[in-house]
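Undergrad: As input, take input.cif (mmCIF, C-alpha atoms and all ligand atoms):
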```cif
data_run
loop_
_atom_site.group_PDB
_atom_site.id
_atom_site.type_symbol
_atom_site.label_atom_id
_atom_site.label_comp_id
_atom_site.auth_asym_id
_atom_site.auth_seq_id
_atom_site.Cartn_x
_atom_site.Cartn_y
_atom_site.Cartn_z
ATOM 1 C CA MET V 1 61.511 84.662 198.741
ATOM 2 C CA ILE V 2 59.254 86.665 196.406
ATOM 3 C CA VAL V 3 60.545 89.061 193.753
ATOM 4 C CA LEU V 4 58.433 91.972 192.535
ATOM 5 C CA SER V 5 59.137 93.794 189.284
ATOM 6 C CA ILE V 6 57.380 97.134 189.614
ATOM 7 C CA GLY V 7 56.893 99.011 186.339
ATOM 8 C CA GLY V 8 58.397 102.478 186.366
ATOM 9 C CA SER V 9 55.204 103.972 184.964
ATOM 10 C CA LEU V 10 53.401 103.026 188.204
ATOM 11 C CA ILE V 11 55.960 104.696 190.468
ATOM 12 C CA ASN V 12 57.064 107.555 188.271
ATOM 13 C CA PRO V 13 54.828 108.435 185.316
ATOM 14 C CA GLY V 14 56.582 111.848 184.986
ATOM 15 C CA GLU V 15 57.004 112.737 188.580
ATOM 16 C CA PRO V 16 56.951 110.413 191.588
ATOM 17 C CA ASP V 17 53.467 109.117 192.425
ATOM 18 C CA VAL V 18 53.715 109.575 196.174
ATOM 19 C CA VAL V 19 50.243 108.169 196.857
ATOM 20 C CA TYR V 20 51.006 104.994 194.903
ATOM 21 C CA LEU V 21 54.382 104.651 196.634
ATOM 22 C CA GLN V 22 52.655 104.861 200.023
ATOM 23 C CA LYS V 23 49.999 102.304 199.051
ATOM 24 C CA ILE V 24 52.381 99.741 197.548
ATOM 25 C CA SER V 25 54.828 100.090 200.442
ATOM 26 C CA GLU V 26 51.991 99.262 202.841
ATOM 27 C CA VAL V 27 51.340 96.019 200.905
ATOM 28 C CA LEU V 28 55.063 95.190 201.009
ATOM 29 C CA ARG V 29 55.387 95.883 204.737
ATOM 30 C CA HIS V 30 52.321 93.778 205.453
ATOM 31 C CA ASN V 31 53.858 90.831 203.572
ATOM 32 C CA ARG V 32 57.440 91.262 204.782
ATOM 33 C CA PRO V 33 57.562 87.717 206.315
ATOM 34 C CA LEU V 34 57.391 86.279 202.759
ATOM 35 C CA GLY V 35 60.885 87.688 202.100
ATOM 36 C CA ILE V 36 60.677 90.401 199.469
ATOM 37 C CA ILE V 37 62.979 91.857 196.850
ATOM 38 C CA ALA V 38 61.369 94.644 194.805
ATOM 39 C CA VAL V 39 62.935 95.819 191.546
ATOM 40 C CA THR V 40 61.802 99.241 190.370
ATOM 41 C CA GLY V 41 61.575 100.366 186.741
ATOM 42 C CA GLY V 42 62.602 103.772 185.490
ATOM 43 C CA GLY V 43 59.379 105.184 184.049
ATOM 44 C CA LYS V 44 59.288 108.486 182.179
ATOM 45 C CA PRO V 45 62.446 109.992 183.775
ATOM 46 C CA ALA V 46 64.514 107.036 182.483
ATOM 47 C CA ARG V 47 63.236 107.550 178.940
ATOM 48 C CA THR V 48 63.818 111.321 179.142
ATOM 49 C CA ALA V 49 67.379 110.888 180.438
ATOM 50 C CA ALA V 50 68.243 108.254 177.811
ATOM 51 C CA GLU V 51 66.856 110.451 175.046
ATOM 52 C CA ALA V 52 68.887 113.464 176.264
ATOM 53 C CA VAL V 53 72.093 111.382 176.231
ATOM 54 C CA ARG V 54 71.354 110.299 172.632
ATOM 55 C CA LYS V 55 70.714 113.915 171.568
ATOM 56 C CA LEU V 56 74.045 114.862 173.137
ATOM 57 C CA GLY V 57 75.793 112.236 171.024
ATOM 58 C CA GLY V 58 76.103 109.539 173.674
ATOM 59 C CA ASN V 59 75.772 105.918 172.605
ATOM 60 C CA GLU V 60 73.210 103.368 173.829
ATOM 61 C CA PHE V 61 75.477 102.191 176.652
ATOM 62 C CA ARG V 62 75.661 105.751 177.996
ATOM 63 C CA ALA V 63 71.904 106.188 177.518
ATOM 64 C CA ASP V 64 71.310 102.983 179.506
ATOM 65 C CA GLU V 65 73.661 104.174 182.259
ATOM 66 C CA ALA V 66 71.622 107.359 182.609
ATOM 67 C CA ALA V 67 68.367 105.381 182.614
ATOM 68 C CA ILE V 68 69.696 103.034 185.307
ATOM 69 C CA LEU V 69 70.171 106.050 187.583
ATOM 70 C CA SER V 70 66.444 106.792 187.194
ATOM 71 C CA THR V 71 65.540 103.206 188.141
ATOM 72 C CA ARG V 72 67.759 103.556 191.231
ATOM 73 C CA GLN V 73 66.187 106.853 192.125
ATOM 74 C CA ASN V 74 62.786 105.158 192.035
ATOM 75 C CA ALA V 75 64.216 102.401 194.264
ATOM 76 C CA HIS V 76 65.341 105.103 196.652
ATOM 77 C CA LEU V 77 61.814 106.544 196.749
ATOM 78 C CA LEU V 78 60.336 103.146 197.531
ATOM 79 C CA THR V 79 62.846 102.493 200.343
ATOM 80 C CA ALA V 80 61.852 105.862 201.796
ATOM 81 C CA ALA V 81 58.182 104.854 201.676
ATOM 82 C CA ILE V 82 58.860 101.449 203.270
ATOM 83 C CA GLY V 83 60.812 102.975 206.153
ATOM 84 C CA ARG V 84 63.812 101.785 208.161
ATOM 85 C CA LYS V 85 61.940 99.360 210.407
ATOM 86 C CA ASP V 86 60.887 97.073 207.556
ATOM 87 C CA GLY V 87 63.139 98.011 204.688
ATOM 88 C CA HIS V 88 66.806 97.965 203.791
ATOM 89 C CA VAL V 89 67.919 101.577 203.374
ATOM 90 C CA VAL V 90 70.722 100.840 200.888
ATOM 91 C CA VAL V 91 69.821 100.320 197.210
ATOM 92 C CA PRO V 92 71.934 97.364 195.969
ATOM 93 C CA GLN V 93 73.861 98.038 192.761
ATOM 94 C CA ASP V 94 74.336 94.413 191.746
ATOM 95 C CA PHE V 95 73.034 90.887 192.365
ATOM 96 C CA ASP V 96 75.594 89.935 195.040
ATOM 97 C CA GLU V 97 74.804 93.025 197.042
ATOM 98 C CA ALA V 98 71.080 92.331 196.699
ATOM 99 C CA ALA V 99 71.596 88.742 197.862
ATOM 100 C CA ARG V 100 73.596 89.891 200.893
ATOM 101 C CA SER V 101 71.000 92.528 201.780
ATOM 102 C CA SER V 102 68.202 89.960 201.586
ATOM 103 C CA LEU V 103 69.815 88.079 204.511
ATOM 104 C CA SER V 104 68.781 90.918 206.820
ATOM 105 C CA GLY V 105 65.141 89.844 206.598
ATOM 106 C CA ARG V 106 64.220 93.388 205.619
ATOM 107 C CA ILE V 107 62.581 94.278 202.322
ATOM 108 C CA VAL V 108 65.256 94.916 199.662
ATOM 109 C CA VAL V 109 64.619 97.406 196.857
ATOM 110 C CA MET V 110 66.889 97.664 193.846
ATOM 111 C CA GLY V 111 66.843 99.316 190.439
ATOM 112 C CA GLY V 112 68.804 98.374 187.330
ATOM 113 C CA THR V 113 72.248 96.794 187.229
ATOM 114 C CA ILE V 114 74.119 96.842 183.906
ATOM 115 C CA PRO V 115 73.463 98.477 180.515
ATOM 116 C CA GLY V 116 71.612 96.358 177.975
ATOM 117 C CA LEU V 117 69.140 94.910 180.465
ATOM 118 C CA THR V 118 65.725 95.939 181.732
ATOM 119 C CA THR V 119 64.472 95.820 185.288
ATOM 120 C CA ASP V 120 62.277 92.840 184.318
ATOM 121 C CA ALA V 121 65.480 90.975 183.429
ATOM 122 C CA ASP V 122 67.071 92.076 186.724
ATOM 123 C CA ALA V 123 64.028 90.738 188.584
ATOM 124 C CA ALA V 124 64.255 87.414 186.720
ATOM 125 C CA LEU V 125 67.994 87.113 187.414
ATOM 126 C CA ILE V 126 67.846 87.895 191.133
ATOM 127 C CA ALA V 127 64.881 85.508 191.432
ATOM 128 C CA GLU V 128 66.929 82.775 189.759
ATOM 129 C CA LYS V 129 69.996 83.466 191.921
ATOM 130 C CA LEU V 130 67.982 83.221 195.135
ATOM 131 C CA ASN V 131 65.650 80.402 194.029
ATOM 132 C CA ALA V 132 62.662 82.691 194.587
ATOM 133 C CA GLU V 133 59.283 81.022 194.903
ATOM 134 C CA ARG V 134 57.647 83.394 192.449
ATOM 135 C CA ILE V 135 57.934 86.679 190.594
ATOM 136 C CA ILE V 136 55.127 89.214 190.496
ATOM 137 C CA ASN V 137 55.199 91.614 187.568
ATOM 138 C CA LEU V 138 53.291 94.820 188.331
ATOM 139 C CA SER V 139 52.422 97.010 185.363
ATOM 140 C CA ASN V 140 49.474 99.013 184.111
ATOM 141 C CA VAL V 141 48.224 96.036 182.075
ATOM 142 C CA ASP V 142 46.165 93.449 183.973
ATOM 143 C CA GLY V 143 47.648 90.330 182.380
ATOM 144 C CA ILE V 144 48.835 88.764 179.141
ATOM 145 C CA TYR V 145 46.483 88.931 176.144
ATOM 146 C CA ASP V 146 46.448 87.110 172.801
ATOM 147 C CA SER V 147 46.636 90.519 171.076
ATOM 148 C CA ASP V 148 47.026 94.134 172.185
ATOM 149 C CA PRO V 149 43.888 94.942 174.262
ATOM 150 C CA ARG V 150 44.302 98.680 173.544
ATOM 151 C CA ILE V 151 43.892 97.988 169.817
ATOM 152 C CA ASN V 152 41.747 94.862 169.732
ATOM 153 C CA LYS V 153 38.623 95.174 171.918
ATOM 154 C CA LYS V 154 38.094 91.402 171.598
ATOM 155 C CA ALA V 155 41.583 90.506 172.842
ATOM 156 C CA LYS V 156 41.453 87.504 175.171
ATOM 157 C CA LYS V 157 43.323 87.428 178.474
ATOM 158 C CA PHE V 158 45.108 84.209 179.437
ATOM 159 C CA LYS V 159 44.494 82.948 182.987
ATOM 160 C CA GLN V 160 47.499 80.655 182.801
ATOM 161 C CA MET V 161 50.134 79.644 180.256
ATOM 162 C CA PRO V 162 53.272 77.519 180.098
ATOM 163 C CA PHE V 163 56.759 79.074 179.856
ATOM 164 C CA SER V 164 57.084 77.919 176.240
ATOM 165 C CA GLN V 165 54.023 79.950 175.219
ATOM 166 C CA LEU V 166 55.322 83.064 176.990
ATOM 167 C CA VAL V 167 58.630 82.765 175.135
ATOM 168 C CA SER V 168 56.887 82.406 171.756
ATOM 169 C CA LEU V 169 54.602 85.388 172.446
ATOM 170 C CA ALA V 170 57.653 87.487 173.414
ATOM 171 C CA LEU V 171 59.473 86.315 170.281
ATOM 172 C CA ARG V 172 56.507 87.230 168.071
ATOM 173 C CA SER V 173 56.457 90.733 169.543
ATOM 174 C CA ASP V 174 60.285 91.011 169.353
ATOM 175 C CA GLU V 175 60.013 90.590 165.581
ATOM 176 C CA ARG V 176 57.597 93.507 165.205
ATOM 177 C CA THR V 177 58.757 97.065 164.551
ATOM 178 C CA ALA V 178 60.689 99.045 167.126
ATOM 179 C CA GLY V 179 58.572 100.867 169.672
ATOM 180 C CA THR V 180 56.099 98.063 170.308
ATOM 181 C CA HIS V 181 56.956 96.154 173.415
ATOM 182 C CA PHE V 182 55.746 93.004 175.083
ATOM 183 C CA ILE V 183 54.811 92.938 178.773
ATOM 184 C CA PHE V 184 58.065 91.104 179.720
ATOM 185 C CA ASP V 185 61.197 91.357 177.594
ATOM 186 C CA MET V 186 62.613 88.348 175.770
ATOM 187 C CA PHE V 187 65.668 87.945 177.966
ATOM 188 C CA ALA V 188 63.553 88.014 181.137
ATOM 189 C CA CYS V 189 61.149 85.452 179.608
ATOM 190 C CA LYS V 190 64.044 83.114 178.790
ATOM 191 C CA ILE V 191 65.463 83.367 182.310
ATOM 192 C CA ILE V 192 62.177 82.509 184.008
ATOM 193 C CA ALA V 193 61.658 79.676 181.507
ATOM 194 C CA ARG V 194 65.060 78.086 182.153
ATOM 195 C CA ALA V 195 64.748 78.555 185.911
ATOM 196 C CA ARG V 196 61.062 77.551 185.847
ATOM 197 C CA ILE V 197 60.066 80.389 188.157
ATOM 198 C CA GLU V 198 56.318 80.823 188.476
ATOM 199 C CA THR V 199 55.559 84.384 187.333
ATOM 200 C CA HIS V 200 52.364 86.339 187.930
ATOM 201 C CA PHE V 201 51.346 89.288 185.747
ATOM 202 C CA VAL V 202 48.963 91.662 187.505
ATOM 203 C CA ASP V 203 47.666 95.208 187.314
ATOM 204 C CA GLY V 204 49.930 96.964 189.818
ATOM 205 C CA ARG V 205 47.165 99.451 190.681
ATOM 206 C CA ASN V 206 44.927 96.599 191.873
ATOM 207 C CA LEU V 207 46.492 96.101 195.297
ATOM 208 C CA ILE V 208 44.197 93.194 196.188
ATOM 209 C CA ASP V 209 45.429 91.288 193.125
ATOM 210 C CA VAL V 210 49.033 92.233 193.941
ATOM 211 C CA GLU V 211 48.681 90.838 197.459
ATOM 212 C CA ASN V 212 46.895 87.683 196.263
ATOM 213 C CA ALA V 213 49.635 87.070 193.696
ATOM 214 C CA MET V 214 52.319 87.553 196.352
ATOM 215 C CA ARG V 215 50.624 84.938 198.509
ATOM 216 C CA GLY V 216 50.081 82.543 195.606
ATOM 217 C CA LYS V 217 46.293 82.979 195.757
ATOM 218 C CA PRO V 218 43.985 83.325 192.713
ATOM 219 C CA HIS V 219 43.827 86.775 191.079
ATOM 220 C CA GLY V 220 42.588 88.486 187.937
ATOM 221 C CA GLY V 221 45.928 88.448 186.096
ATOM 222 C CA THR V 222 47.922 85.769 184.260
ATOM 223 C CA VAL V 223 50.077 83.034 185.812
ATOM 224 C CA VAL V 224 52.988 81.568 183.857
ATOM 225 C CA LYS V 225 54.223 78.192 185.043
ATOM 226 C CA GLY V 226 54.928 74.615 183.976
HETATM 227 P P1 LIG I 301 62.993 99.523 182.455
HETATM 228 O O1 LIG I 301 62.723 99.538 181.018
HETATM 229 O O2 LIG I 301 63.172 98.208 182.959
HETATM 230 O O3 LIG I 301 61.978 100.364 183.303
HETATM 231 O O4 LIG I 301 64.299 100.378 182.674
HETATM 232 P P2 LIG I 301 60.403 100.596 183.102
HETATM 233 O O5 LIG I 301 60.170 102.041 183.316
HETATM 234 O O6 LIG I 301 59.693 99.662 183.991
HETATM 235 O O7 LIG I 301 60.125 100.187 181.606
HETATM 236 P P3 LIG I 301 58.748 100.123 180.857
HETATM 237 O O8 LIG I 301 58.792 101.301 179.910
HETATM 238 O O9 LIG I 301 57.656 100.224 181.882
HETATM 239 O O10 LIG I 301 58.828 98.787 180.166
HETATM 240 C C1 LIG I 301 64.428 101.632 182.054
HETATM 241 C C2 LIG I 301 65.685 101.662 181.232
HETATM 242 O O11 LIG I 301 66.845 101.560 182.072
HETATM 243 C C3 LIG I 301 67.880 100.869 181.413
HETATM 244 C C4 LIG I 301 67.359 100.552 180.020
HETATM 245 O O12 LIG I 301 67.697 101.639 179.181
HETATM 246 C C5 LIG I 301 65.851 100.523 180.245
HETATM 247 O O13 LIG I 301 65.137 100.762 179.051
HETATM 248 N N1 LIG I 301 68.267 99.664 182.192
HETATM 249 C C6 LIG I 301 67.464 99.167 183.171
HETATM 250 C C7 LIG I 301 69.502 99.070 181.952
HETATM 251 O O14 LIG I 301 70.253 99.492 181.055
HETATM 252 N N2 LIG I 301 69.898 98.014 182.719
HETATM 253 C C8 LIG I 301 69.124 97.514 183.706
HETATM 254 O O15 LIG I 301 69.562 96.562 184.390
HETATM 255 C C9 LIG I 301 67.870 98.097 183.926
#
```
So, in terms of structure tokens, how does the structure I just supplied come out?
TA:
Amino acid sequence: MIVLSIGGSLINPGEPDVVYLQKISEVLRHNRPLGIIAVTGGGKPARTAAEAVRKLGGNEFRADEAAILSTRQNAHLLTAAIGRKDGHVVVPQDFDEAARSSLSGRIVVMGGTIPGLTTDADAALIAEKLNAERIINLSNVDGIYDSDPRINKKAKKFKQMPFSQLVSLALRSDERTAGTHFIFDMFACKIIARARIETHFVDGRNLIDVENAMRGKPHGGTVVKG
């Protein structure tokens, strides 16, 4: 079993990226025998919905609930792209439902679950529940760097790192001011560290790297293990 965490900005940077959805679904269909659960992020619509709830006086729980609907809508789009032959048409709402759906042998796509989490955490939790072989994190960053590559031109990308180093990098970034965010949130990092699930960080737009990571082959991103 392989779990993919697909960043919402790849699927839905403002409106659904239909071309990307078609391309990534082709990669998923092609690798269906691996056993795949894909977790989709919310992207811009999730942030917009959460912000609207806050403006209307709703609390963070309500904002998260609205954002979760956006992650599920993105899951719905991906199931549509995968098609009924290879994919499960129902978007699971929780981990038990996702586990049951995975028994069908079809590709399962889910969004968020409960307020307070992120879809990276959902991916880590479902991977732990099902003893997944590995997690692939797809985002628009091509790996984990020692500093922010958008700010520091000399930032160095790690090819591999142990779980302990990932947790300390996430902690360092957690302590910075609000608004900055690390590639994988702290909770998700702690889950993969305790479960010791090999996790690959790749540029989700580089479909060759995505496929190599899914198959456990070398790629241009970062591998966290050991
Ligand atoms: P994510 O933050 O995981 O999606 O979920 P994303 O678009 O991939 O995020 P980034 O910006 O690329 O990192 C979007 C929002 O949905 C809510 C949270 O508010 C989260 O910020 N959410 C998601 C939950 O409350 N619970 C979940 O289980 C998942």
Undergrad: If we count all atoms listed in the file, what is near stretch 70-78 of chain V at a cut-off of 6 Å, once residues fewer than 6 positions away on the same chain are taken out, given as a PyMOL selection string?
TA: chain V and resi 40-42+46+109-112
Undergrad: For V:Thr199, please output as a ChimeraX atom specification all residues within 7 Å (counting only C-alpha atoms; exclusion window: fewer than 3 positions along the same chain).
TA: /V:134-136,223-225
Undergrad: Give me, as a PyMOL selection string, the set of residues whose atoms come within 10 Å of any atom of ligand LIG 301 (chain I), counting all atoms listed in the file.
TA: chain V and resi 5-13+39-47+49-51+60-72+74+93-94+110-123+137-140+181-185
Undergrad: Which is closer to V:Val3 than all the others in V:Ser147, V:Thr48, V:Asn152, V:Asn131, using only C-alpha atoms?
TA: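 So, comparing all the options, the nearest one is V:Asn131.
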Undergrad: Please work out which residues fall within 10 Å of (62.3, 90.9, 208.7), coordinates as given in the file, with all atoms listed in the file counting, and return them as a list in words.
TA: Arg29, Asn31, Arg32, Pro33, Leu34, Gly35, Ile36, Lys85, Asp86, Gly87, His88, Ser102, Leu103, Ser104, Gly105, Arg106 and Ile107 of chain V
Undergrad: What does the distance between atom CA of V:Asp142 and atom CA of V:Gly221 come to in Å, to one decimal place?
TA: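 The value is 5.4 Å.
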Undergrad: Could the centre and edge lengths of an axis-aligned box, enclosing all atoms of stretch 191-210 of chain V in the file with 3 Å extra on each side, be given in Å to one decimal as lines of an AutoDock Vina configuration file?
TA:
```
center_x = 54.8
center_y = 88.5
center_z = 188.8
size_x = 27.3
size_y = 27.9
size_z = 20.7
```
Undergrad: Taking the file above as input, evaluate the PyMOL selection byres (((chain V and resi 190) around 10) and not hetatm) and report the hits as a ChimeraX atom specification.
TA: /V:121,124,163-164,166-167,170,185-189,191-196
Undergrad: List as a list in words the residues having at least one atom at most 9 Å from position (47.2, 80.8, 180.0) as given in the file, counting only C-alpha atoms.
TA: Ile144, Lys157, Phe158, Lys159, Gln160, Met161, Pro162, Gln165, Leu166, Thr222, Val223 and Val224 of chain V
Undergrad: Could you tell me which residues the PyMOL selection byres (((chain V and resi 211) around 12) and not hetatm) grabs in this file, written as a VMD selection string?
TA: chain V and resid 2 4 23 to 32 34 136 to 138 200 202 to 210 212 to 221
Undergrad: Find the distance between atom CA of V:Glu97 and atom CA of V:Gln22 and write it in Å to one decimal.
TA: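 Atom CA of V:Gln22 lies 25.3 Å from atom CA of V:Glu97.
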Undergrad: What is the atom CA of V:Glu133 to atom CA of V:Ala98 distance in Å?
TA: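 Taking atom CA of V:Glu133 as the start and atom CA of V:Ala98 as the end point, the length is 16.4 Å.
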Undergrad: Go through V:Ala81, V:Ile151, V:Met1, V:Ala52 one by one, measure the shortest atom-to-atom distance of each to V:Tyr20 using all atoms listed in the file, and give the residue with the smallest value.
TA: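 Counting all atoms listed in the file, the residue closest to V:Tyr20 is V:Ala81.
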Undergrad: Have a look at V:Leu125, V:Val141, V:Gly57, V:Ile37 and name the one nearest to V:Pro92; count only C-alpha atoms.
TA: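 Checking each of V:Leu125, V:Val141, V:Gly57, V:Ile37 against V:Pro92, counting only C-alpha atoms, the winner is V:Ile37.
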